[in-house]
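S.K.: Supplied structure: protein22.cif, mmCIF, C-alpha atoms and all ligand atoms.
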```cif
data_upload
loop_
_atom_site.label_atom_id
_atom_site.label_comp_id
_atom_site.auth_asym_id
_atom_site.auth_seq_id
_atom_site.Cartn_x
_atom_site.Cartn_y
_atom_site.Cartn_z
CA MET A 1 6.31 -3.33 17.64
CA GLN A 2 5.91 -5.89 14.85
CA LYS A 3 9.14 -7.78 14.17
CA ILE A 4 10.64 -9.66 11.27
CA ASP A 5 12.85 -12.72 11.55
CA CYS A 6 16.06 -11.20 10.20
CA GLY A 7 17.12 -14.67 9.05
CA LYS A 8 14.46 -14.43 6.36
CA VAL A 9 16.05 -11.37 4.73
CA PRO A 10 17.99 -12.50 1.63
CA LYS A 11 21.71 -11.79 1.47
CA ILE A 12 24.21 -11.25 -1.33
CA THR A 13 27.73 -12.66 -1.22
CA LEU A 14 30.31 -10.17 -2.49
CA SER A 15 33.30 -11.03 -4.69
CA ASN A 16 35.54 -11.30 -1.61
CA GLY A 17 33.12 -13.53 0.33
CA SER A 18 31.54 -10.86 2.57
CA VAL A 19 27.79 -11.24 2.99
CA ILE A 20 25.42 -8.25 2.96
CA PRO A 21 21.66 -8.17 3.71
CA VAL A 22 19.72 -6.99 0.63
CA ILE A 23 17.77 -4.35 2.55
CA GLY A 24 19.34 -1.64 4.67
CA MET A 25 18.06 1.52 6.32
CA GLY A 26 18.90 4.81 4.64
CA THR A 27 19.89 7.54 7.10
CA PHE A 28 19.90 10.70 4.97
CA GLY A 29 16.86 12.60 6.16
CA SER A 30 16.81 14.86 3.06
CA ASP A 31 17.00 17.87 5.41
CA ASN A 32 13.50 16.92 6.75
CA TYR A 33 14.34 15.07 9.97
CA ASP A 34 16.77 15.86 12.77
CA ALA A 35 19.59 13.57 13.81
CA HIS A 36 17.83 12.30 16.97
CA THR A 37 14.71 11.32 15.04
CA ILE A 38 16.79 9.38 12.53
CA ALA A 39 18.85 7.69 15.25
CA LYS A 40 15.67 6.69 17.08
CA ALA A 41 14.39 5.15 13.84
CA VAL A 42 17.66 3.23 13.47
CA LYS A 43 17.09 1.75 16.93
CA SER A 44 13.52 0.76 16.05
CA GLY A 45 14.71 -0.68 12.75
CA ILE A 46 17.31 -2.87 14.46
CA GLU A 47 14.78 -4.03 17.05
CA MET A 48 12.42 -4.84 14.18
CA GLY A 49 14.99 -6.95 12.30
CA TYR A 50 17.06 -4.62 10.07
CA ARG A 51 20.68 -5.72 9.97
CA HIS A 52 22.13 -3.16 7.56
CA ILE A 53 22.47 0.61 8.06
CA ASP A 54 23.64 3.06 5.37
CA CYS A 55 25.45 5.97 7.04
CA ALA A 56 27.65 8.85 5.85
CA SER A 57 29.57 11.55 7.67
CA VAL A 58 27.84 14.25 5.60
CA TYR A 59 24.42 13.16 6.91
CA ASP A 60 25.53 14.78 10.16
CA ASN A 61 23.97 12.17 12.42
CA GLU A 62 26.69 9.57 12.98
CA LYS A 63 27.19 10.59 16.63
CA GLU A 64 23.50 10.11 17.37
CA ILE A 65 23.41 6.81 15.46
CA GLY A 66 26.56 5.73 17.33
CA ALA A 67 24.78 6.26 20.65
CA VAL A 68 21.90 3.96 19.64
CA LEU A 69 24.28 1.36 18.23
CA LYS A 70 25.97 1.24 21.62
CA GLU A 71 22.57 0.75 23.26
CA VAL A 72 21.55 -2.14 21.00
CA PHE A 73 24.93 -3.83 21.51
CA ASP A 74 24.87 -3.28 25.29
CA ASP A 75 21.28 -4.54 25.51
CA GLY A 76 22.22 -7.68 23.56
CA ILE A 77 19.68 -6.96 20.79
CA VAL A 78 22.33 -7.61 18.19
CA LYS A 79 26.05 -8.41 18.17
CA ARG A 80 28.46 -6.30 16.15
CA ASP A 81 29.19 -9.10 13.69
CA GLU A 82 25.47 -9.60 13.03
CA ILE A 83 24.90 -6.17 11.52
CA TRP A 84 26.28 -4.49 8.39
CA ILE A 85 27.29 -0.85 8.75
CA THR A 86 28.32 1.32 5.81
CA SER A 87 29.74 4.83 5.91
CA LYS A 88 31.24 7.17 3.32
CA VAL A 89 34.06 9.66 3.06
CA TRP A 90 32.70 13.08 2.14
CA ASN A 91 34.05 15.07 -0.79
CA ASP A 92 36.06 17.54 1.27
CA LYS A 93 38.10 14.72 2.85
CA HIS A 94 39.49 13.02 -0.26
CA ASN A 95 42.99 13.87 0.97
CA ASN A 96 42.25 12.78 4.53
CA VAL A 97 40.41 9.51 4.12
CA ILE A 98 42.01 7.75 7.07
CA GLU A 99 41.35 10.62 9.45
CA SER A 100 37.77 10.82 8.17
CA CYS A 101 37.14 7.11 8.65
CA LYS A 102 38.59 7.25 12.16
CA GLN A 103 36.25 10.12 13.01
CA THR A 104 33.28 8.13 11.68
CA LEU A 105 34.34 5.12 13.75
CA LYS A 106 34.59 7.33 16.82
CA ASP A 107 31.16 8.85 16.15
CA LEU A 108 29.52 5.50 15.43
CA GLN A 109 31.37 3.98 18.45
CA LEU A 110 32.65 1.11 16.33
CA GLU A 111 35.99 -0.61 15.88
CA TYR A 112 35.42 -1.32 12.21
CA LEU A 113 32.99 -0.65 9.37
CA ASP A 114 31.63 -3.31 7.06
CA LEU A 115 31.84 -1.00 4.08
CA TYR A 116 33.45 2.37 3.46
CA LEU A 117 32.59 4.20 0.23
CA VAL A 118 33.98 7.19 -1.62
CA HIS A 119 30.73 9.17 -1.57
CA TRP A 120 31.32 11.04 -4.87
CA PRO A 121 34.19 10.88 -7.37
CA PHE A 122 34.68 14.66 -7.02
CA PRO A 123 36.33 16.58 -4.18
CA ASN A 124 33.73 19.33 -4.62
CA PHE A 125 31.29 19.84 -1.80
CA HIS A 126 28.35 21.95 -0.79
CA PRO A 127 27.20 23.39 2.51
CA PRO A 128 24.24 21.63 4.19
CA ARG A 129 20.78 22.82 3.05
CA CYS A 130 22.26 24.81 0.14
CA ASP A 131 20.20 25.61 -2.98
CA VAL A 132 20.69 24.31 -6.52
CA ASN A 133 22.80 27.28 -7.67
CA THR A 134 25.42 26.91 -4.97
CA ARG A 135 28.90 26.35 -6.48
CA GLN A 136 32.16 25.81 -4.66
CA GLU A 137 34.68 28.43 -5.84
CA ASN A 138 37.50 25.94 -6.52
CA ALA A 139 35.40 23.00 -7.75
CA VAL A 140 37.18 20.76 -10.28
CA PRO A 141 36.18 18.05 -12.78
CA TYR A 142 37.08 14.39 -12.21
CA ILE A 143 40.87 14.02 -12.06
CA HIS A 144 41.80 10.36 -12.17
CA GLU A 145 45.26 10.73 -10.57
CA ASN A 146 43.63 12.43 -7.61
CA TYR A 147 40.88 9.83 -7.34
CA MET A 148 43.56 7.11 -7.26
CA LYS A 149 45.29 8.90 -4.36
CA THR A 150 41.98 8.77 -2.53
CA TRP A 151 41.49 5.12 -3.48
CA GLU A 152 44.97 4.19 -2.19
CA GLN A 153 43.95 5.55 1.20
CA MET A 154 40.78 3.43 0.99
CA GLU A 155 42.94 0.37 0.32
CA SER A 156 45.10 1.25 3.36
CA LEU A 157 41.99 1.43 5.53
CA GLN A 158 41.03 -2.09 4.54
CA LYS A 159 44.56 -3.34 5.22
CA MET A 160 44.47 -1.62 8.63
CA GLY A 161 41.25 -3.49 9.45
CA LEU A 162 39.24 -0.29 9.92
CA THR A 163 36.81 -1.44 7.24
CA LYS A 164 36.13 -4.95 5.96
CA ASN A 165 35.20 -3.77 2.45
CA ILE A 166 35.71 -0.74 0.26
CA GLY A 167 33.58 0.60 -2.53
CA THR A 168 32.51 3.53 -4.64
CA SER A 169 29.41 5.64 -5.11
CA ASN A 170 28.07 7.71 -7.98
CA MET A 171 30.53 6.24 -10.48
CA THR A 172 30.09 5.90 -14.24
CA ILE A 173 31.39 3.21 -16.61
CA PRO A 174 34.38 5.28 -17.88
CA LYS A 175 35.46 6.20 -14.34
CA MET A 176 35.00 2.63 -13.11
CA LYS A 177 37.08 1.28 -16.01
CA LEU A 178 39.98 3.51 -14.98
CA LEU A 179 39.66 2.51 -11.34
CA LEU A 180 39.58 -1.21 -12.20
CA ARG A 181 42.66 -0.72 -14.39
CA ASP A 182 44.68 1.00 -11.68
CA CYS A 183 43.53 -0.31 -8.30
CA ASN A 184 45.17 -2.93 -6.11
CA ILE A 185 41.97 -3.77 -4.25
CA LYS A 186 38.82 -3.82 -6.39
CA PRO A 187 35.68 -2.08 -5.13
CA VAL A 188 33.16 -4.72 -4.06
CA ILE A 189 30.14 -2.42 -4.33
CA ASN A 190 29.04 0.71 -6.15
CA GLU A 191 26.21 2.70 -4.52
CA MET A 192 24.15 4.55 -7.13
CA GLU A 193 20.75 6.04 -7.79
CA ILE A 194 18.27 3.40 -8.98
CA HIS A 195 14.48 3.35 -9.04
CA PRO A 196 11.98 2.15 -11.66
CA HIS A 197 12.16 5.45 -13.58
CA PHE A 198 15.97 5.41 -13.46
CA GLN A 199 17.20 1.86 -13.88
CA GLN A 200 20.76 2.49 -15.18
CA GLN A 201 20.71 -0.92 -16.89
CA GLU A 202 24.01 -0.48 -18.76
CA LEU A 203 25.98 0.53 -15.68
CA PHE A 204 24.20 -2.13 -13.62
CA ASP A 205 25.20 -4.84 -16.12
CA PHE A 206 28.76 -3.50 -16.38
CA LEU A 207 29.20 -3.64 -12.61
CA LYS A 208 27.68 -7.10 -12.24
CA SER A 209 29.84 -8.46 -15.07
CA ASN A 210 32.89 -7.12 -13.22
CA GLY A 211 31.90 -8.76 -9.94
CA ILE A 212 30.80 -5.49 -8.34
CA GLU A 213 27.47 -5.56 -6.49
CA VAL A 214 25.05 -2.67 -6.58
CA ILE A 215 23.40 -0.73 -3.77
CA GLY A 216 20.54 1.30 -5.22
CA TYR A 217 19.83 4.57 -3.43
CA SER A 218 16.63 6.62 -3.56
CA PRO A 219 14.83 3.35 -4.39
CA ILE A 220 11.37 4.88 -3.98
CA GLY A 221 12.25 7.91 -6.09
CA SER A 222 13.09 10.01 -3.03
CA PRO A 223 9.67 11.72 -2.80
CA LYS A 224 10.90 14.04 -0.04
CA ARG A 225 14.29 14.94 -1.51
CA PRO A 226 15.64 18.47 -0.93
CA GLU A 227 14.48 21.34 -3.17
CA ARG A 228 17.93 21.51 -4.82
CA ASP A 229 17.32 18.01 -6.23
CA ARG A 230 13.98 18.82 -7.89
CA THR A 231 13.36 19.95 -11.47
CA PRO A 232 10.00 20.42 -13.22
CA GLU A 233 10.73 17.51 -15.61
CA ASP A 234 11.15 14.94 -12.81
CA THR A 235 8.69 12.04 -12.86
CA VAL A 236 7.22 10.25 -9.84
CA ASP A 237 7.85 6.51 -9.59
CA ILE A 238 5.20 5.84 -6.97
CA GLU A 239 2.53 7.41 -9.23
CA ASP A 240 3.45 5.33 -12.28
CA PRO A 241 0.36 3.36 -13.45
CA VAL A 242 2.36 0.11 -13.70
CA ILE A 243 3.64 0.45 -10.11
CA VAL A 244 0.27 1.59 -8.79
CA SER A 245 -1.61 -1.28 -10.42
CA ILE A 246 0.77 -3.91 -8.97
CA ALA A 247 0.53 -2.21 -5.57
CA ARG A 248 -3.29 -2.40 -5.68
CA ARG A 249 -3.19 -6.08 -6.55
CA LEU A 250 -0.77 -6.87 -3.71
CA ASN A 251 -2.46 -4.44 -1.32
CA VAL A 252 0.78 -2.60 -0.53
CA HIS A 253 1.99 0.99 -0.97
CA PRO A 254 3.63 1.64 -4.39
CA ALA A 255 6.86 2.29 -2.46
CA VAL A 256 6.94 -1.38 -1.47
CA VAL A 257 6.59 -2.44 -5.12
CA CYS A 258 9.71 -0.38 -5.92
CA LEU A 259 11.61 -2.25 -3.20
CA LYS A 260 10.41 -5.69 -4.29
CA TRP A 261 11.50 -4.86 -7.84
CA ALA A 262 14.93 -3.69 -6.64
CA VAL A 263 15.65 -6.83 -4.65
CA GLN A 264 14.31 -9.23 -7.27
CA ARG A 265 16.42 -7.47 -9.90
CA GLY A 266 19.49 -8.40 -7.85
CA GLN A 267 20.43 -5.17 -6.14
CA ILE A 268 20.70 -4.12 -2.53
CA THR A 269 18.16 -1.51 -1.49
CA ILE A 270 18.37 1.18 1.21
CA PRO A 271 15.01 2.96 1.58
CA PHE A 272 14.71 5.80 4.08
CA THR A 273 11.90 6.29 6.55
CA VAL A 274 11.65 7.17 10.22
CA LYS A 275 8.08 5.86 10.50
CA GLU A 276 7.68 2.50 12.20
CA ASP A 277 4.81 1.28 10.00
CA LYS A 278 6.77 2.05 6.82
CA LEU A 279 9.93 0.48 8.22
CA TYR A 280 7.92 -2.67 8.84
CA ASN A 281 6.11 -2.65 5.49
CA ASN A 282 9.40 -2.21 3.65
CA ILE A 283 11.27 -5.11 5.23
CA LYS A 284 8.19 -7.33 5.16
CA GLY A 285 7.66 -6.36 1.52
CA ILE A 286 10.95 -7.79 0.37
CA ILE A 287 10.45 -11.18 2.00
CA GLU A 288 6.79 -11.81 1.10
CA ASP A 289 4.67 -11.91 -2.06
CA PRO A 290 7.31 -11.61 -4.77
CA LEU A 291 6.54 -9.86 -8.05
CA THR A 292 5.72 -12.14 -10.99
CA ASP A 293 7.91 -12.40 -14.07
CA ASP A 294 5.29 -10.29 -15.87
CA ASP A 295 5.49 -7.61 -13.18
CA MET A 296 9.28 -7.54 -13.52
CA LEU A 297 9.01 -7.30 -17.30
CA ASN A 298 6.43 -4.53 -17.12
CA ILE A 299 8.54 -2.52 -14.67
CA SER A 300 11.62 -2.97 -16.87
CA LYS A 301 9.69 -1.07 -19.57
CA ILE A 302 8.91 2.06 -17.50
CA ASP A 303 12.49 3.33 -17.25
CA LYS A 304 12.43 7.04 -18.11
CA GLY A 305 16.10 7.81 -17.60
CA ASN A 306 14.94 10.23 -14.92
CA ARG A 307 17.96 10.97 -12.76
CA LEU A 308 16.79 12.82 -9.64
CA ILE A 309 20.07 13.46 -7.84
CA LYS A 310 21.70 15.35 -10.69
CA GLY A 311 24.50 16.84 -8.61
CA GLN A 312 24.38 20.43 -9.89
CA VAL A 313 26.06 21.66 -6.69
CA PHE A 314 29.21 19.71 -7.61
CA LEU A 315 29.76 21.50 -10.93
CA TRP A 316 32.98 23.36 -11.66
CA LYS A 317 33.22 26.78 -13.31
CA THR A 318 33.59 25.69 -16.93
CA ALA A 319 31.04 22.86 -16.75
CA GLU A 320 27.99 23.46 -18.88
CA SER A 321 25.35 21.41 -17.13
CA TRP A 322 24.84 18.59 -14.67
CA GLU A 323 25.16 16.07 -17.53
CA ASP A 324 28.92 16.85 -17.47
CA LEU A 325 29.16 14.93 -14.18
CA TRP A 326 27.82 11.72 -15.65
CA ASP A 327 29.97 11.00 -18.78
CA LEU A 328 26.87 10.55 -20.93
CA ASP A 329 28.77 10.19 -24.21
CA GLY A 330 31.11 7.62 -22.67
CA LYS A 331 33.90 10.14 -22.09
CA ILE A 332 35.00 11.80 -18.89
CA LYS A 333 34.51 15.55 -19.10
CA ASN A 334 37.67 16.97 -17.59
CA ASN A 335 37.67 20.62 -18.53
N1 LIG B 1 25.41 7.48 -2.07
C1 LIG B 1 24.72 8.57 -2.30
O1 LIG B 1 25.20 9.53 -2.94
C2 LIG B 1 23.31 8.67 -1.80
C3 LIG B 1 22.46 9.69 -2.31
C4 LIG B 1 21.16 9.74 -1.85
C5 LIG B 1 20.69 8.82 -0.91
N2 LIG B 1 21.54 7.87 -0.40
C6 LIG B 1 21.08 6.89 0.63
O2 LIG B 1 19.86 6.29 0.17
C7 LIG B 1 18.86 6.41 1.18
C8 LIG B 1 17.48 6.41 0.56
O3 LIG B 1 17.32 7.41 -0.42
P1 LIG B 1 16.33 8.65 -0.25
O4 LIG B 1 16.17 8.94 1.19
O5 LIG B 1 16.82 9.72 -1.15
O6 LIG B 1 14.98 8.18 -0.92
P2 LIG B 1 13.92 7.00 -0.87
O7 LIG B 1 14.31 5.95 0.08
O8 LIG B 1 13.66 6.65 -2.29
O9 LIG B 1 12.64 7.76 -0.35
C9 LIG B 1 12.48 8.09 1.00
C10 LIG B 1 11.07 8.60 1.25
O10 LIG B 1 10.13 7.57 0.88
C11 LIG B 1 9.09 7.50 1.84
N3 LIG B 1 8.79 6.08 2.14
C12 LIG B 1 9.64 5.14 2.61
N4 LIG B 1 8.99 3.96 2.77
C13 LIG B 1 7.72 4.18 2.42
C14 LIG B 1 6.55 3.36 2.40
N5 LIG B 1 6.58 2.07 2.75
N6 LIG B 1 5.38 3.93 2.01
C15 LIG B 1 5.33 5.22 1.64
N7 LIG B 1 6.40 6.06 1.64
C16 LIG B 1 7.58 5.53 2.03
C17 LIG B 1 9.61 8.16 3.10
O11 LIG B 1 8.58 8.98 3.57
P3 LIG B 1 8.52 9.48 5.12
O12 LIG B 1 9.50 10.57 5.21
O13 LIG B 1 7.12 9.92 5.27
O14 LIG B 1 8.86 8.29 5.94
C18 LIG B 1 10.85 8.90 2.71
O15 LIG B 1 10.79 10.28 2.90
C19 LIG B 1 19.26 7.71 1.90
O16 LIG B 1 18.61 7.85 3.14
C20 LIG B 1 20.76 7.53 1.98
O17 LIG B 1 21.10 6.65 3.04
C21 LIG B 1 22.83 7.78 -0.85
#
```
Hey, can you dump this file as structure tokens for me?
M.R.:
Amino acid sequence: MQKIDCGKVPKITLSNGSVIPVIGMGTFGSDNYDAHTIAKAVKSGIEMGYRHIDCASVYDNEKEIGAVLKEVFDDGIVKRDEIWITSKVWNDKHNNVIESCKQTLKDLQLEYLDLYLVHWPFPNFHPPRCDVNTRQENAVPYIHENYMKTWEQMESLQKMGLTKNIGTSNMTIPKMKLLLRDCNIKPVINEMEIHPHFQQQELFDFLKSNGIEVIGYSPIGSPKRPERDRTPEDTVDIEDPVIVSIARRLNVHPAVVCLKWAVQRGQITIPFTVKEDKLYNNIKGIIEDPLTDDDMLNISKIDKGNRLIKGQVFLWKTAESWEDLWDLDGKIKNN
């Protein structure tokens, strides 16, 4: 196996002083890979030099990943404090955050997490492998008082030492403003969809100006995402002529150009793959051959506002369309 000196991977210092590697391994297999395959890839990734793993209870593979984490610790490949591990509370556990985090810790065989996120700002959930029309009978819009009850439990977790940092995922500017107004402990990170065709510049700038760092998910445009997250209008980042032409010049896959762009833009990136050659190309890609200023400028111009993970399965009865989840006119849709 080809290895990377993990010391060469850039890191970002969060507002509270914690330090996170800018590339992590995604572990959501988009319903394409089983838990053992993903866990095996996590082991290879750590052996290769990855020091950041993005987990979630809903990915249904934390037990398997926990078993390989134990192996790499026992074998002395890495020490616990040399690796960043994120997990997320799933939507059906917003009232049981502490219990959920404890279960994740048990599954991952850890004493603490580096980062625990509220996966979505809605308590609505969907069964695994469901289709796009699946709706939960009692789904509700965003209710700020309820989100704050969830957030207070997140704050307790940090005070209890079960996680070093807490953060959010899939937030919008209006929701984040309310959270910042009412929280006692600020989120240090928001995890959100970002790829060249969906740059979310306004939210990105808002977060950065409030001292909140950004983890960009689906950084390659999630080419193997589940059927429920595909619509005919979706565009394909890794086929964009600008990305393809830079990739040809640098002799890398267009996926690697997306990752270089992400890191140079100042975000943390968490690509998914279980394939050893891609794992290697991805981590190598972010430490070698940076994009030029012109490349960065050209990529900034190909944003198409193409959200891929629209979240239709989280809609409530009276919601009209997936746009209602994302506060597009600056207001929270709460009916
Ligand atoms: N917070 C949230 O709500 C949320 C939502 C979605 C995702 N996430 C996180 O973000 C992670 C990444 O997102 P994602 O899995 O949706 O999409 P992604 O990372 O954009 O795309 C993953 C796909 O890209 C391909 N790929 C990876 N590296 C490649 C390379 N060097 N060359 C060519 N193809 C390459 C892989 O193909 P192969 O399968 O062939 O390897 C893989 O299927 C997830 O695993 C999860 O941890 C979080």
S.K.: Compute the distance from (25.3, 11.9, 15.4) to each atom, counting only C-alpha atoms, keep the residues with any atom at most 10 Å away, and return them as number ranges by chain; use the coordinates of the file.
M.R.: A: 34-36, 38-39, 57, 59-68, 104, 107-108
S.K.: Please, what distance in Å, to one decimal, runs between atom CA of Tyr50 of chain A and atom CA of Gly167 of chain A?
M.R.: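 Computing the Euclidean distance for atom CA of Tyr50 of chain A and atom CA of Gly167 of chain A yields 21.4 Å.
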S.K.: How would you report the residues lying within 8 Å of ligand LIG 1 (chain B), as a PyMOL selection string, if you count only C-alpha atoms and all ligand atoms?
M.R.: chain A and resi 25-30+32+53-56+88+119-120+169-170+191-193+195+216-225+253-256+270-275+277-282+309
S.K.: Within 8 Å of Val257 of chain A, counting all atoms listed in the file, which residues show up once you throw out same-chain ones fewer than 6 positions away? Write them as a PDB file with C-alpha atoms, in the frame of the given file, please.
M.R.:
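Output file around_39.pdb is given in full below:
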```pdb
ATOM      1  CA  ILE A 243       3.640   0.450 -10.110  1.00  0.00           C
ATOM      2  CA  ILE A 246       0.770  -3.910  -8.970  1.00  0.00           C
ATOM      3  CA  ALA A 247       0.530  -2.210  -5.570  1.00  0.00           C
ATOM      4  CA  GLY A 285       7.660  -6.360   1.520  1.00  0.00           C
ATOM      5  CA  LEU A 291       6.540  -9.860  -8.050  1.00  0.00           C
TER       6      LEU A 291
END
```
S.K.: Counting only C-alpha atoms, what is within 7 Å of Thr269 of chain A, bar same-chain residues fewer than 5 positions away, as a list in words?
M.R.: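 Here the qualifying residues turn out to be Val22, Ile23, Gly24, Ile215, Gly216, Tyr217, Pro219, Leu259, Ala262 and Val263 of chain A.
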S.K.: Pick out the residues sitting within 10 Å of Val132 of chain A, and hand them over as a PyMOL selection string; count only C-alpha atoms, and ignore anything fewer than 5 positions along from it in its own chain.
M.R.: chain A and resi 126+226-231+310-314
S.K.: For the point (22.4, -14.8, 12.8) in the file's frame, write as a ChimeraX atom specification all residues with an atom no more than 8 Å away, counting all atoms listed in the file.
M.R.: /A:6-7,82
S.K.: Deliver the residues from the most recent selection as a file, using C-alpha atoms, as a PDB file, keeping the file's coordinate frame.
M.R.:
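Contents of part01.pdb, freshly written:
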```pdb
ATOM      1  CA  CYS A   6      16.060 -11.200  10.200  1.00  0.00           C
ATOM      2  CA  GLY A   7      17.120 -14.670   9.050  1.00  0.00           C
ATOM      3  CA  GLU A  82      25.470  -9.600  13.030  1.00  0.00           C
TER       4      GLU A  82
END
```
S.K.: Atom CA of Asn306 of chain A to atom CA of Glu233 of chain A: how many Å, to one decimal?
M.R.: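 Spanning atom CA of Asn306 of chain A to atom CA of Glu233 of chain A is a straight-line distance of 8.4 Å.
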S.K.: Extract, using all atoms listed in the file, all DNA, RNA and protein residues at most 12 Å from segment 115-117 of chain A, discarding same-chain residues fewer than 3 positions from it, and format them as a PyMOL selection string.
M.R.: chain A and resi 14+18-20+52-57+83-91+94+97-98+100-102+104-105+112+120-121+150-151+153-158+161-171+187-192+215
S.K.: Please determine, counting all atoms listed in the file, which residue among A:Asp237, A:Gln200, A:Phe206, A:Val58 has the shortest atom-to-atom distance to Arg129 of chain A.
M.R.: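 Nearest candidate to Arg129 of chain A out of A:Asp237, A:Gln200, A:Phe206, A:Val58: A:Val58.
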S.K.: Select, from A:Phe125, A:Lys43, A:Pro196, A:Leu180, the residue with the minimum atom-to-atom distance to His144 of chain A, counting only C-alpha atoms.
M.R.: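 Among A:Phe125, A:Lys43, A:Pro196, A:Leu180, it is A:Leu180 that comes nearest to His144 of chain A.
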S.K.: Would you please work out which residue, of A:Cys183, A:Ile283, A:Leu207, A:Ile173, is nearest to Met48 of chain A when using all atoms listed in the file?
M.R.: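 The shortest atom-to-atom distance to Met48 of chain A comes from A:Ile283.
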S.K.: Could you tell me which of A:Pro21, A:Asp294, A:Arg265, A:Val242 comes closest to Val9 of chain A if we count only C-alpha atoms?
M.R.: A:Pro21
S.K.: How would segment 13-32 of chain A look with N, CA and C atoms restored, written as a short mmCIF file (atom, residue, chain, number, x, y, z; two decimals), keeping the file's coordinate frame?
M.R.:
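So part_19.cif came out as:
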```cif
data_model
loop_
_atom_site.label_atom_id
_atom_site.label_comp_id
_atom_site.auth_asym_id
_atom_site.auth_seq_id
_atom_site.Cartn_x
_atom_site.Cartn_y
_atom_site.Cartn_z
N THR A 13 26.31 -12.43 -1.51
CA THR A 13 27.73 -12.66 -1.22
C THR A 13 28.58 -11.85 -2.20
N LEU A 14 29.46 -11.05 -1.67
CA LEU A 14 30.31 -10.17 -2.49
C LEU A 14 31.49 -10.96 -3.07
N SER A 15 32.21 -10.33 -3.99
CA SER A 15 33.30 -11.03 -4.69
C SER A 15 34.38 -11.51 -3.73
N ASN A 16 34.50 -10.88 -2.55
CA ASN A 16 35.54 -11.30 -1.61
C ASN A 16 34.97 -12.19 -0.50
N GLY A 17 33.70 -12.59 -0.64
CA GLY A 17 33.12 -13.53 0.33
C GLY A 17 32.29 -12.86 1.43
N SER A 18 32.37 -11.54 1.57
CA SER A 18 31.54 -10.86 2.57
C SER A 18 30.07 -11.02 2.20
N VAL A 19 29.21 -11.00 3.22
CA VAL A 19 27.79 -11.24 2.99
C VAL A 19 26.97 -10.06 3.50
N ILE A 20 26.15 -9.48 2.61
CA ILE A 20 25.42 -8.25 2.96
C ILE A 20 23.91 -8.48 2.82
N PRO A 21 23.12 -8.07 3.83
CA PRO A 21 21.66 -8.17 3.71
C PRO A 21 21.15 -7.26 2.58
N VAL A 22 20.15 -7.74 1.83
CA VAL A 22 19.72 -6.99 0.63
C VAL A 22 18.90 -5.74 0.97
N ILE A 23 18.45 -5.61 2.20
CA ILE A 23 17.77 -4.35 2.55
C ILE A 23 18.49 -3.71 3.73
N GLY A 24 18.74 -2.40 3.59
CA GLY A 24 19.34 -1.64 4.67
C GLY A 24 18.49 -0.40 4.92
N MET A 25 18.78 0.27 6.03
CA MET A 25 18.06 1.52 6.32
C MET A 25 18.86 2.70 5.83
N GLY A 26 18.27 3.54 4.99
CA GLY A 26 18.90 4.81 4.64
C GLY A 26 18.89 5.73 5.86
N THR A 27 19.87 6.62 5.95
CA THR A 27 19.89 7.54 7.10
C THR A 27 20.05 9.00 6.69
N PHE A 28 19.88 9.29 5.39
CA PHE A 28 19.90 10.70 4.97
C PHE A 28 18.47 11.22 5.04
N GLY A 29 18.22 12.12 5.93
CA GLY A 29 16.86 12.60 6.16
C GLY A 29 16.41 13.67 5.18
N SER A 30 17.18 13.87 4.09
CA SER A 30 16.81 14.86 3.06
C SER A 30 16.49 16.22 3.66
N ASP A 31 17.19 16.57 4.71
CA ASP A 31 17.00 17.87 5.41
C ASP A 31 15.63 17.98 6.09
N ASN A 32 14.85 16.86 6.16
CA ASN A 32 13.50 16.92 6.75
C ASN A 32 13.44 16.47 8.21
#
```
